Amino acid sequence: MSIFKDRVDAGRQLGRRLAELRGQDVVVLGLPRGGVPVAFEVAAALDAPLDVIVVRKLGLPYQPELAMGAIGEGGTRVLEDQVLSHSRVGEDELQAVEEHERSVLENRVARFRMGRSRQDLTGRIAVIVDDGIATGSTARVACRVARKMGAARVIMAVPVAPAETLTSLTEPDEVVCLATPPKFTAVGYHYRDFSPTEDEEVVLLLDAAAKRLQDDPPHSRNAAAAGDDDLVELDAEVEIPSRAVRLHGQLHLPVPATGVVLFAHGSGSSRHSPRNRFVATVLQQAGLGTLLLDLLTPGEERNRANVFDIELLARRLSSATDWLGARADTASCRLGYFGASTGAGAALWAASEPAARTAAVVSRGGRPDLAGPRLSAVTAPTLLIVGSLDREVLELNRRAKAIMRCPNQLAVVQGATHLFEEPGTLAAAAILARDWFVSYLLDA
């Protein structure tokens, strides 16, 4: 039986449980990879910096599954003296294993941190977060490494774990766990969505967390500080009728909701893509509602012509807009469109309709040219975000900007290609979108 919808849901619940730590000298450390989306939400709730804690087990040369120690960043090493004494492993053998594992660890650190320096733990509270605990071996090592790196207090925080494992954990000063099911089975058994977390998503979340601390709007801080009584969120899978089909979406609403952003993704993407979810999370942290939406059914997507039927996509987006307008909890909300690639053309087409309720539009790596003559009829303030290395699309956006009569801006993210895959570039685009929507959907 699942307890959590996904890692985001688990992280938000865990963040509320740890709320008393807000305002203290806390560093949240996610265990890559699955622990990082959970840790991202915890760090946001605590208004604390987010980092990864990468550890590697030092296995016996002839029995690698048995740990004789572990290593972490900065030359940190923890040895199991009892195992070493019984195994009679020599210093040369130990050094050979450590050198190999150190190389693996450093490669992973370089991939995840992308040149960012690690957070100094000296004298601070280290909150180590994973998506769950099974045997506890990784948690034990991570706690010992964090303490070796100078943490004054170590807290292990997870959404789910077996009770017998938690009672055996002596390494942390405190263990916080939301659920200890009697029939544990496996960590993933307790999530409805336990999709693998990719390296790219880890990097994106670390980028976003760093930018949040640098440039965090009042809405985000106020929402995080409000507590359960003032902010009760809704996360739900929804179905939206549009003529003969039903569209599937993921709706997130703060309560009360005052602004909601509808996502129109590009070809080859979906409401489940890490990029869409990442941008949505950044908007949600600012107090915005989001509706991640698939504008085509799986069968329709197999016909490539439908992907470029901008009028059809725009009509579906308008249906979703009408559906929000008919809900009691969103009827009075200001609505925005976030379109990527071909989805941007659909968003601008829908925003050009005479009866459109759109208060703001953001295009990320978009094809506004696909809206054709409809561009000049758009009245909603529009932000066009393009990567500096996406030269063909950048030129298309410049031409579109010249045609548009609404308040509009062109923001160029330096070093970004079409998919914003370069370190920090998608986070930069998400922050630009967040600020635009906050200005027109919340501040207004």
# chains A, B, ... in the order shown; residues from 1 in each chain; ligands from 1
>>> closest_atom_pairs(of="region 11-97 of chain A", to="region 187-200 of chain A", cutoff="9 Å", atoms="only C-alpha atoms", output="Markdown table")
| residue | atom | partner | partner_atom | distance |
| --- | --- | --- | --- | --- |
| A:Pro32 | CA | A:Asp199 | CA | 8.4 |
| A:Arg33 | CA | A:Thr197 | CA | 5.8 |
| A:Gly34 | CA | A:Thr197 | CA | 5.5 |
| A:Gly35 | CA | A:Thr197 | CA | 8.8 |
| A:Val36 | CA | A:Thr197 | CA | 8.5 |
| A:Pro37 | CA | A:Thr197 | CA | 8.1 |
>>> select_by_dssp(residues="region 60-183 of chain A", states="helix (DSSP H, G or I)", output="PyMOL selection string")
chain A and resi 73-75+81-87+91-113+137-148+163-167
>>> write_last_selection(atoms="N, CA and C atoms", output="tab-separated table (two decimals), in the first residue's frame")
chain	number	residue	atom	x	y	z
A	73	GLU	N	33.75	13.03	0.93
A	73	GLU	CA	34.53	14.12	0.33
A	73	GLU	C	35.57	14.66	1.30
A	74	GLY	N	36.52	15.39	0.71
A	74	GLY	CA	37.53	16.06	1.51
A	74	GLY	C	38.47	15.11	2.22
A	75	GLY	N	38.66	13.90	1.69
A	75	GLY	CA	39.55	12.94	2.31
A	75	GLY	C	38.97	12.25	3.53
A	81	ASP	N	37.14	-0.90	12.53
A	81	ASP	CA	38.32	-1.52	13.12
A	81	ASP	C	38.13	-3.02	13.38
A	82	GLN	N	36.93	-3.40	13.80
A	82	GLN	CA	36.71	-4.81	14.11
A	82	GLN	C	36.80	-5.67	12.85
A	83	VAL	N	36.24	-5.18	11.76
A	83	VAL	CA	36.31	-5.93	10.49
A	83	VAL	C	37.76	-6.02	10.02
A	84	LEU	N	38.49	-4.93	10.13
A	84	LEU	CA	39.88	-4.93	9.68
A	84	LEU	C	40.74	-5.88	10.50
A	85	SER	N	40.50	-5.92	11.80
A	85	SER	CA	41.32	-6.79	12.65
A	85	SER	C	41.05	-8.27	12.36
A	86	HIS	N	39.80	-8.60	12.06
A	86	HIS	CA	39.47	-9.99	11.77
A	86	HIS	C	39.88	-10.40	10.36
A	87	SER	N	39.84	-9.46	9.43
A	87	SER	CA	40.14	-9.79	8.04
A	87	SER	C	41.63	-9.78	7.73
A	91	GLU	N	47.79	-2.67	4.87
A	91	GLU	CA	47.66	-1.25	4.52
A	91	GLU	C	47.68	-1.05	3.01
A	92	ASP	N	48.50	-1.84	2.30
A	92	ASP	CA	48.56	-1.69	0.85
A	92	ASP	C	47.23	-2.07	0.19
A	93	GLU	N	46.62	-3.16	0.69
A	93	GLU	CA	45.33	-3.58	0.14
A	93	GLU	C	44.24	-2.55	0.43
A	94	LEU	N	44.26	-2.02	1.64
A	94	LEU	CA	43.30	-0.99	2.01
A	94	LEU	C	43.46	0.24	1.12
A	95	GLN	N	44.70	0.63	0.89
A	95	GLN	CA	44.97	1.81	0.08
A	95	GLN	C	44.51	1.61	-1.36
A	96	ALA	N	44.70	0.40	-1.90
A	96	ALA	CA	44.28	0.13	-3.28
A	96	ALA	C	42.78	0.24	-3.42
A	97	VAL	N	42.04	-0.34	-2.45
A	97	VAL	CA	40.58	-0.25	-2.50
A	97	VAL	C	40.14	1.20	-2.37
A	98	GLU	N	40.77	1.93	-1.45
A	98	GLU	CA	40.37	3.32	-1.24
A	98	GLU	C	40.65	4.17	-2.48
A	99	GLU	N	41.77	3.95	-3.13
A	99	GLU	CA	42.09	4.74	-4.32
A	99	GLU	C	41.05	4.52	-5.42
A	100	HIS	N	40.62	3.26	-5.58
A	100	HIS	CA	39.60	2.98	-6.60
A	100	HIS	C	38.28	3.66	-6.24
A	101	GLU	N	37.84	3.48	-5.01
A	101	GLU	CA	36.57	4.05	-4.60
A	101	GLU	C	36.62	5.57	-4.56
A	102	ARG	N	37.78	6.12	-4.23
A	102	ARG	CA	37.93	7.57	-4.21
A	102	ARG	C	37.75	8.14	-5.62
A	103	SER	N	38.25	7.44	-6.62
A	103	SER	CA	38.10	7.88	-8.00
A	103	SER	C	36.64	7.88	-8.40
A	104	VAL	N	35.91	6.81	-8.03
A	104	VAL	CA	34.48	6.73	-8.33
A	104	VAL	C	33.74	7.87	-7.64
A	105	LEU	N	34.05	8.09	-6.36
A	105	LEU	CA	33.38	9.13	-5.58
A	105	LEU	C	33.62	10.51	-6.19
A	106	GLU	N	34.85	10.80	-6.55
A	106	GLU	CA	35.17	12.13	-7.08
A	106	GLU	C	34.48	12.37	-8.42
A	107	ASN	N	34.34	11.31	-9.23
A	107	ASN	CA	33.63	11.46	-10.50
A	107	ASN	C	32.16	11.78	-10.25
A	108	ARG	N	31.58	11.13	-9.27
A	108	ARG	CA	30.17	11.39	-8.95
A	108	ARG	C	29.98	12.79	-8.38
A	109	VAL	N	30.90	13.20	-7.53
A	109	VAL	CA	30.82	14.54	-6.96
A	109	VAL	C	30.91	15.59	-8.07
A	110	ALA	N	31.86	15.39	-8.99
A	110	ALA	CA	32.03	16.34	-10.09
A	110	ALA	C	30.76	16.41	-10.95
A	111	ARG	N	30.12	15.26	-11.15
A	111	ARG	CA	28.92	15.22	-11.98
A	111	ARG	C	27.76	15.91	-11.28
A	112	PHE	N	27.61	15.69	-9.99
A	112	PHE	CA	26.47	16.26	-9.27
A	112	PHE	C	26.66	17.73	-8.94
A	113	ARG	N	27.88	18.10	-8.51
A	113	ARG	CA	28.06	19.46	-8.00
A	113	ARG	C	28.47	20.43	-9.08
A	137	SER	N	22.53	0.61	5.96
A	137	SER	CA	23.99	0.69	5.81
A	137	SER	C	24.43	2.03	5.24
A	138	THR	N	23.74	2.52	4.21
A	138	THR	CA	24.11	3.81	3.62
A	138	THR	C	23.88	4.94	4.62
A	139	ALA	N	22.78	4.87	5.35
A	139	ALA	CA	22.47	5.91	6.34
A	139	ALA	C	23.55	5.96	7.41
A	140	ARG	N	24.00	4.80	7.88
A	140	ARG	CA	25.04	4.76	8.91
A	140	ARG	C	26.32	5.43	8.43
A	141	VAL	N	26.72	5.06	7.23
A	141	VAL	CA	27.96	5.62	6.69
A	141	VAL	C	27.84	7.12	6.50
A	142	ALA	N	26.70	7.57	5.95
A	142	ALA	CA	26.52	9.00	5.71
A	142	ALA	C	26.57	9.79	7.01
A	143	CYS	N	25.95	9.27	8.05
A	143	CYS	CA	25.97	9.97	9.33
A	143	CYS	C	27.37	10.05	9.90
A	144	ARG	N	28.12	8.98	9.79
A	144	ARG	CA	29.49	8.99	10.32
A	144	ARG	C	30.38	9.93	9.53
A	145	VAL	N	30.19	9.97	8.22
A	145	VAL	CA	30.98	10.88	7.39
A	145	VAL	C	30.63	12.33	7.71
A	146	ALA	N	29.34	12.63	7.87
A	146	ALA	CA	28.93	14.01	8.20
A	146	ALA	C	29.55	14.45	9.52
A	147	ARG	N	29.58	13.56	10.49
A	147	ARG	CA	30.18	13.91	11.77
A	147	ARG	C	31.69	14.12	11.63
A	148	LYS	N	32.31	13.28	10.81
A	148	LYS	CA	33.74	13.42	10.56
A	148	LYS	C	34.06	14.74	9.86
A	163	ALA	N	10.78	-0.41	11.28
A	163	ALA	CA	11.02	-0.02	12.67
A	163	ALA	C	12.26	-0.67	13.23
A	164	GLU	N	12.51	-1.95	12.88
A	164	GLU	CA	13.66	-2.64	13.46
A	164	GLU	C	14.98	-2.03	12.99
A	165	THR	N	15.01	-1.49	11.77
A	165	THR	CA	16.23	-0.83	11.30
A	165	THR	C	16.47	0.46	12.06
A	166	LEU	N	15.41	1.22	12.29
A	166	LEU	CA	15.56	2.50	12.99
A	166	LEU	C	16.09	2.31	14.41
A	167	THR	N	15.65	1.25	15.09
A	167	THR	CA	16.10	1.04	16.46
A	167	THR	C	17.58	0.68	16.53
>>> residues_around(residues="Gln414 (chain A)", least_positions_apart="5", cutoff="9 Å", atoms="only C-alpha atoms", output="PyMOL selection string")
chain A and resi 386-389+425
>>> write_last_selection(atoms="C-alpha atoms", output="JSON list (two decimals), in the first residue's frame")
[["chain", "number", "residue", "atom", "x", "y", "z"],
["A", 386, "VAL", "CA", 15.79, 31.54, -25.24],
["A", 387, "GLY", "CA", 19.28, 30.09, -24.90],
["A", 388, "SER", "CA", 22.10, 32.14, -26.41],
["A", 389, "LEU", "CA", 23.39, 29.05, -28.28],
["A", 425, "THR", "CA", 20.68, 27.14, -17.42]]
>>> closest_residue(among="A:Ser242, A:Met156, A:Leu419, A:Leu283", to="Leu169 (chain A)", atoms="only C-alpha atoms")
A:Met156
>>> residues_around(residues="Gln13 (chain A)", least_positions_apart="3", cutoff="12 Å", atoms="only C-alpha atoms", output="PyMOL selection string")
chain A and resi 3-10+16-19+38-39+41-42+44-45+131+157-160+176-179+227-228+232-233
>>> write_last_selection(atoms="N, CA and C atoms", output="compact mmCIF listing (two decimals), in the first residue's frame")
# COMPACT_ATOMS: atom_id res chain seq x y z
N ILE A 3 2.05 5.07 0.51
CA ILE A 3 1.83 6.11 1.52
C ILE A 3 2.02 7.49 0.89
N PHE A 4 3.01 7.59 -0.02
CA PHE A 4 3.37 8.88 -0.62
C PHE A 4 3.08 8.85 -2.11
N LYS A 5 2.63 9.99 -2.63
CA LYS A 5 2.36 10.08 -4.06
C LYS A 5 3.65 9.95 -4.85
N ASP A 6 4.68 10.70 -4.44
CA ASP A 6 5.98 10.64 -5.08
C ASP A 6 6.99 11.26 -4.13
N ARG A 7 8.22 11.45 -4.58
CA ARG A 7 9.26 11.98 -3.70
C ARG A 7 8.99 13.43 -3.31
N VAL A 8 8.36 14.19 -4.20
CA VAL A 8 8.03 15.57 -3.87
C VAL A 8 7.04 15.61 -2.71
N ASP A 9 6.01 14.79 -2.80
CA ASP A 9 5.02 14.71 -1.73
C ASP A 9 5.68 14.29 -0.42
N ALA A 10 6.55 13.28 -0.48
CA ALA A 10 7.23 12.81 0.72
C ALA A 10 8.11 13.91 1.32
N ARG A 16 7.48 19.53 6.73
CA ARG A 16 6.57 20.01 7.76
C ARG A 16 6.91 19.40 9.13
N ARG A 17 7.31 18.12 9.13
CA ARG A 17 7.68 17.48 10.38
C ARG A 17 8.93 18.13 11.00
N LEU A 18 9.82 18.62 10.16
CA LEU A 18 11.08 19.20 10.63
C LEU A 18 11.02 20.71 10.80
N ALA A 19 9.83 21.29 10.77
CA ALA A 19 9.66 22.75 10.74
C ALA A 19 10.33 23.46 11.91
N VAL A 38 13.64 14.54 -2.43
CA VAL A 38 13.04 14.65 -1.10
C VAL A 38 13.74 15.77 -0.32
N ALA A 39 15.07 15.77 -0.38
CA ALA A 39 15.85 16.78 0.34
C ALA A 39 15.59 18.18 -0.17
N GLU A 41 12.79 19.47 -1.17
CA GLU A 41 11.58 19.99 -0.53
C GLU A 41 11.83 20.30 0.95
N VAL A 42 12.62 19.47 1.61
CA VAL A 42 12.96 19.72 3.02
C VAL A 42 13.74 21.02 3.14
N ALA A 44 13.70 23.57 1.14
CA ALA A 44 12.81 24.70 0.88
C ALA A 44 11.96 25.01 2.11
N ALA A 45 11.46 23.98 2.77
CA ALA A 45 10.62 24.18 3.96
C ALA A 45 11.41 24.81 5.10
N ASP A 131 15.21 8.88 0.39
CA ASP A 131 13.80 8.60 0.12
C ASP A 131 13.26 7.44 0.93
N ALA A 157 16.81 11.89 8.38
CA ALA A 157 15.39 12.13 8.13
C ALA A 157 14.94 11.40 6.87
N VAL A 158 13.94 10.55 6.99
CA VAL A 158 13.44 9.78 5.86
C VAL A 158 11.92 9.68 5.93
N PRO A 159 11.27 9.49 4.80
CA PRO A 159 9.81 9.30 4.82
C PRO A 159 9.39 7.95 5.37
N VAL A 160 10.16 6.88 5.06
CA VAL A 160 9.69 5.54 5.42
C VAL A 160 10.88 4.63 5.70
N VAL A 176 14.34 11.00 12.29
CA VAL A 176 12.97 11.44 12.02
C VAL A 176 12.44 10.60 10.86
N CYS A 177 11.36 9.87 11.10
CA CYS A 177 10.78 9.02 10.08
C CYS A 177 9.26 9.16 10.14
N LEU A 178 8.64 9.37 8.98
CA LEU A 178 7.20 9.60 8.94
C LEU A 178 6.38 8.33 9.09
N ALA A 179 6.88 7.21 8.57
CA ALA A 179 6.11 5.98 8.57
C ALA A 179 7.00 4.76 8.76
N GLY A 227 3.07 27.62 7.78
CA GLY A 227 2.69 26.47 8.59
C GLY A 227 1.43 25.82 8.05
N ASP A 228 1.09 24.66 8.62
CA ASP A 228 -0.01 23.85 8.12
C ASP A 228 -1.34 24.58 8.20
N VAL A 232 -2.44 24.73 3.09
CA VAL A 232 -2.75 23.32 2.93
C VAL A 232 -2.78 23.05 1.43
N GLU A 233 -1.86 22.26 0.94
CA GLU A 233 -1.70 22.09 -0.49
C GLU A 233 -2.53 20.93 -1.02
>>> residues_around(residues="Arg243 (chain A)", least_positions_apart="3", cutoff="10 Å", atoms="only C-alpha atoms", output="number ranges by chain")
A: 240, 246, 315-316, 319
>>> write_last_selection(atoms="C-alpha atoms", output="PDB file, in the first residue's frame")
ATOM      1  CA  ILE A 240     -10.174  17.259 -18.106  1.00  0.00           C
ATOM      2  CA  ARG A 246     -10.198  13.375 -21.718  1.00  0.00           C
ATOM      3  CA  ARG A 315      -8.111  24.405 -28.244  1.00  0.00           C
ATOM      4  CA  ARG A 316      -7.184  21.725 -25.688  1.00  0.00           C
ATOM      5  CA  SER A 319     -10.543  23.572 -22.489  1.00  0.00           C
TER       6      SER A 319
END
>>> select_by_dssp(residues="region 156-390 of chain A", states="strand (DSSP E)", output="PyMOL selection string")
chain A and resi 156-160+174-179+234-242+245-253+259-264+289-293+334-340+358-364+382-387
>>> residues_around(residues="Ala430 (chain A)", least_positions_apart="4", cutoff="10 Å", atoms="only C-alpha atoms", output="MDAnalysis selection string")
chainID A and resid 208 275:276 278:283 364 385 424:426 434:436
>>> residues_around(residues="Leu441 (chain A)", least_positions_apart="4", cutoff="12 Å", atoms="only C-alpha atoms", output="PDB file with C-alpha atoms, in the first residue's frame")
ATOM      1  CA  HIS A 219       6.050  34.878  -1.513  1.00  0.00           C
ATOM      2  CA  ALA A 257      -4.914  29.657  -4.589  1.00  0.00           C
ATOM      3  CA  THR A 258      -4.566  33.043  -6.275  1.00  0.00           C
ATOM      4  CA  GLY A 259      -2.519  32.198  -9.376  1.00  0.00           C
ATOM      5  CA  VAL A 260      -2.234  29.012 -11.458  1.00  0.00           C
ATOM      6  CA  VAL A 261       0.159  28.281 -14.344  1.00  0.00           C
ATOM      7  CA  LEU A 283       6.874  28.012  -9.319  1.00  0.00           C
ATOM      8  CA  ALA A 286       6.806  30.851  -4.918  1.00  0.00           C
ATOM      9  CA  GLY A 287       3.188  30.168  -3.956  1.00  0.00           C
ATOM     10  CA  LEU A 288       1.845  29.477  -7.447  1.00  0.00           C
ATOM     11  CA  GLY A 289      -0.475  26.661  -8.435  1.00  0.00           C
ATOM     12  CA  SER A 332     -11.107  33.445  -9.122  1.00  0.00           C
ATOM     13  CA  CYS A 333      -7.434  32.663  -9.880  1.00  0.00           C
ATOM     14  CA  ARG A 334      -5.305  34.603 -12.314  1.00  0.00           C
ATOM     15  CA  LEU A 335      -4.086  32.145 -14.958  1.00  0.00           C
ATOM     16  CA  GLY A 336      -0.789  31.953 -16.811  1.00  0.00           C
ATOM     17  CA  TYR A 337       0.592  29.751 -19.589  1.00  0.00           C
ATOM     18  CA  ARG A 357      -8.490  34.765 -19.366  1.00  0.00           C
ATOM     19  CA  THR A 358      -4.703  34.617 -19.603  1.00  0.00           C
ATOM     20  CA  ALA A 359      -2.890  37.085 -17.345  1.00  0.00           C
ATOM     21  CA  ALA A 360       0.689  36.170 -18.356  1.00  0.00           C
ATOM     22  CA  VAL A 361       2.591  33.912 -20.767  1.00  0.00           C
ATOM     23  CA  ALA A 380      -1.211  39.048 -21.990  1.00  0.00           C
ATOM     24  CA  PRO A 381       2.281  40.186 -20.889  1.00  0.00           C
ATOM     25  CA  ALA A 433       9.595  32.394 -15.345  1.00  0.00           C
ATOM     26  CA  ARG A 434       8.880  32.415 -11.629  1.00  0.00           C
ATOM     27  CA  ASP A 435       9.519  36.139 -11.287  1.00  0.00           C
ATOM     28  CA  TRP A 436       7.376  36.932 -14.338  1.00  0.00           C
ATOM     29  CA  PHE A 437       4.426  34.905 -13.052  1.00  0.00           C
TER      30      PHE A 437
END
>>> closest_residue(among="A:Leu29, A:Gly11, A:Ala151, A:Ala400", to="Gly132 (chain A)", atoms="only C-alpha atoms")
A:Gly11
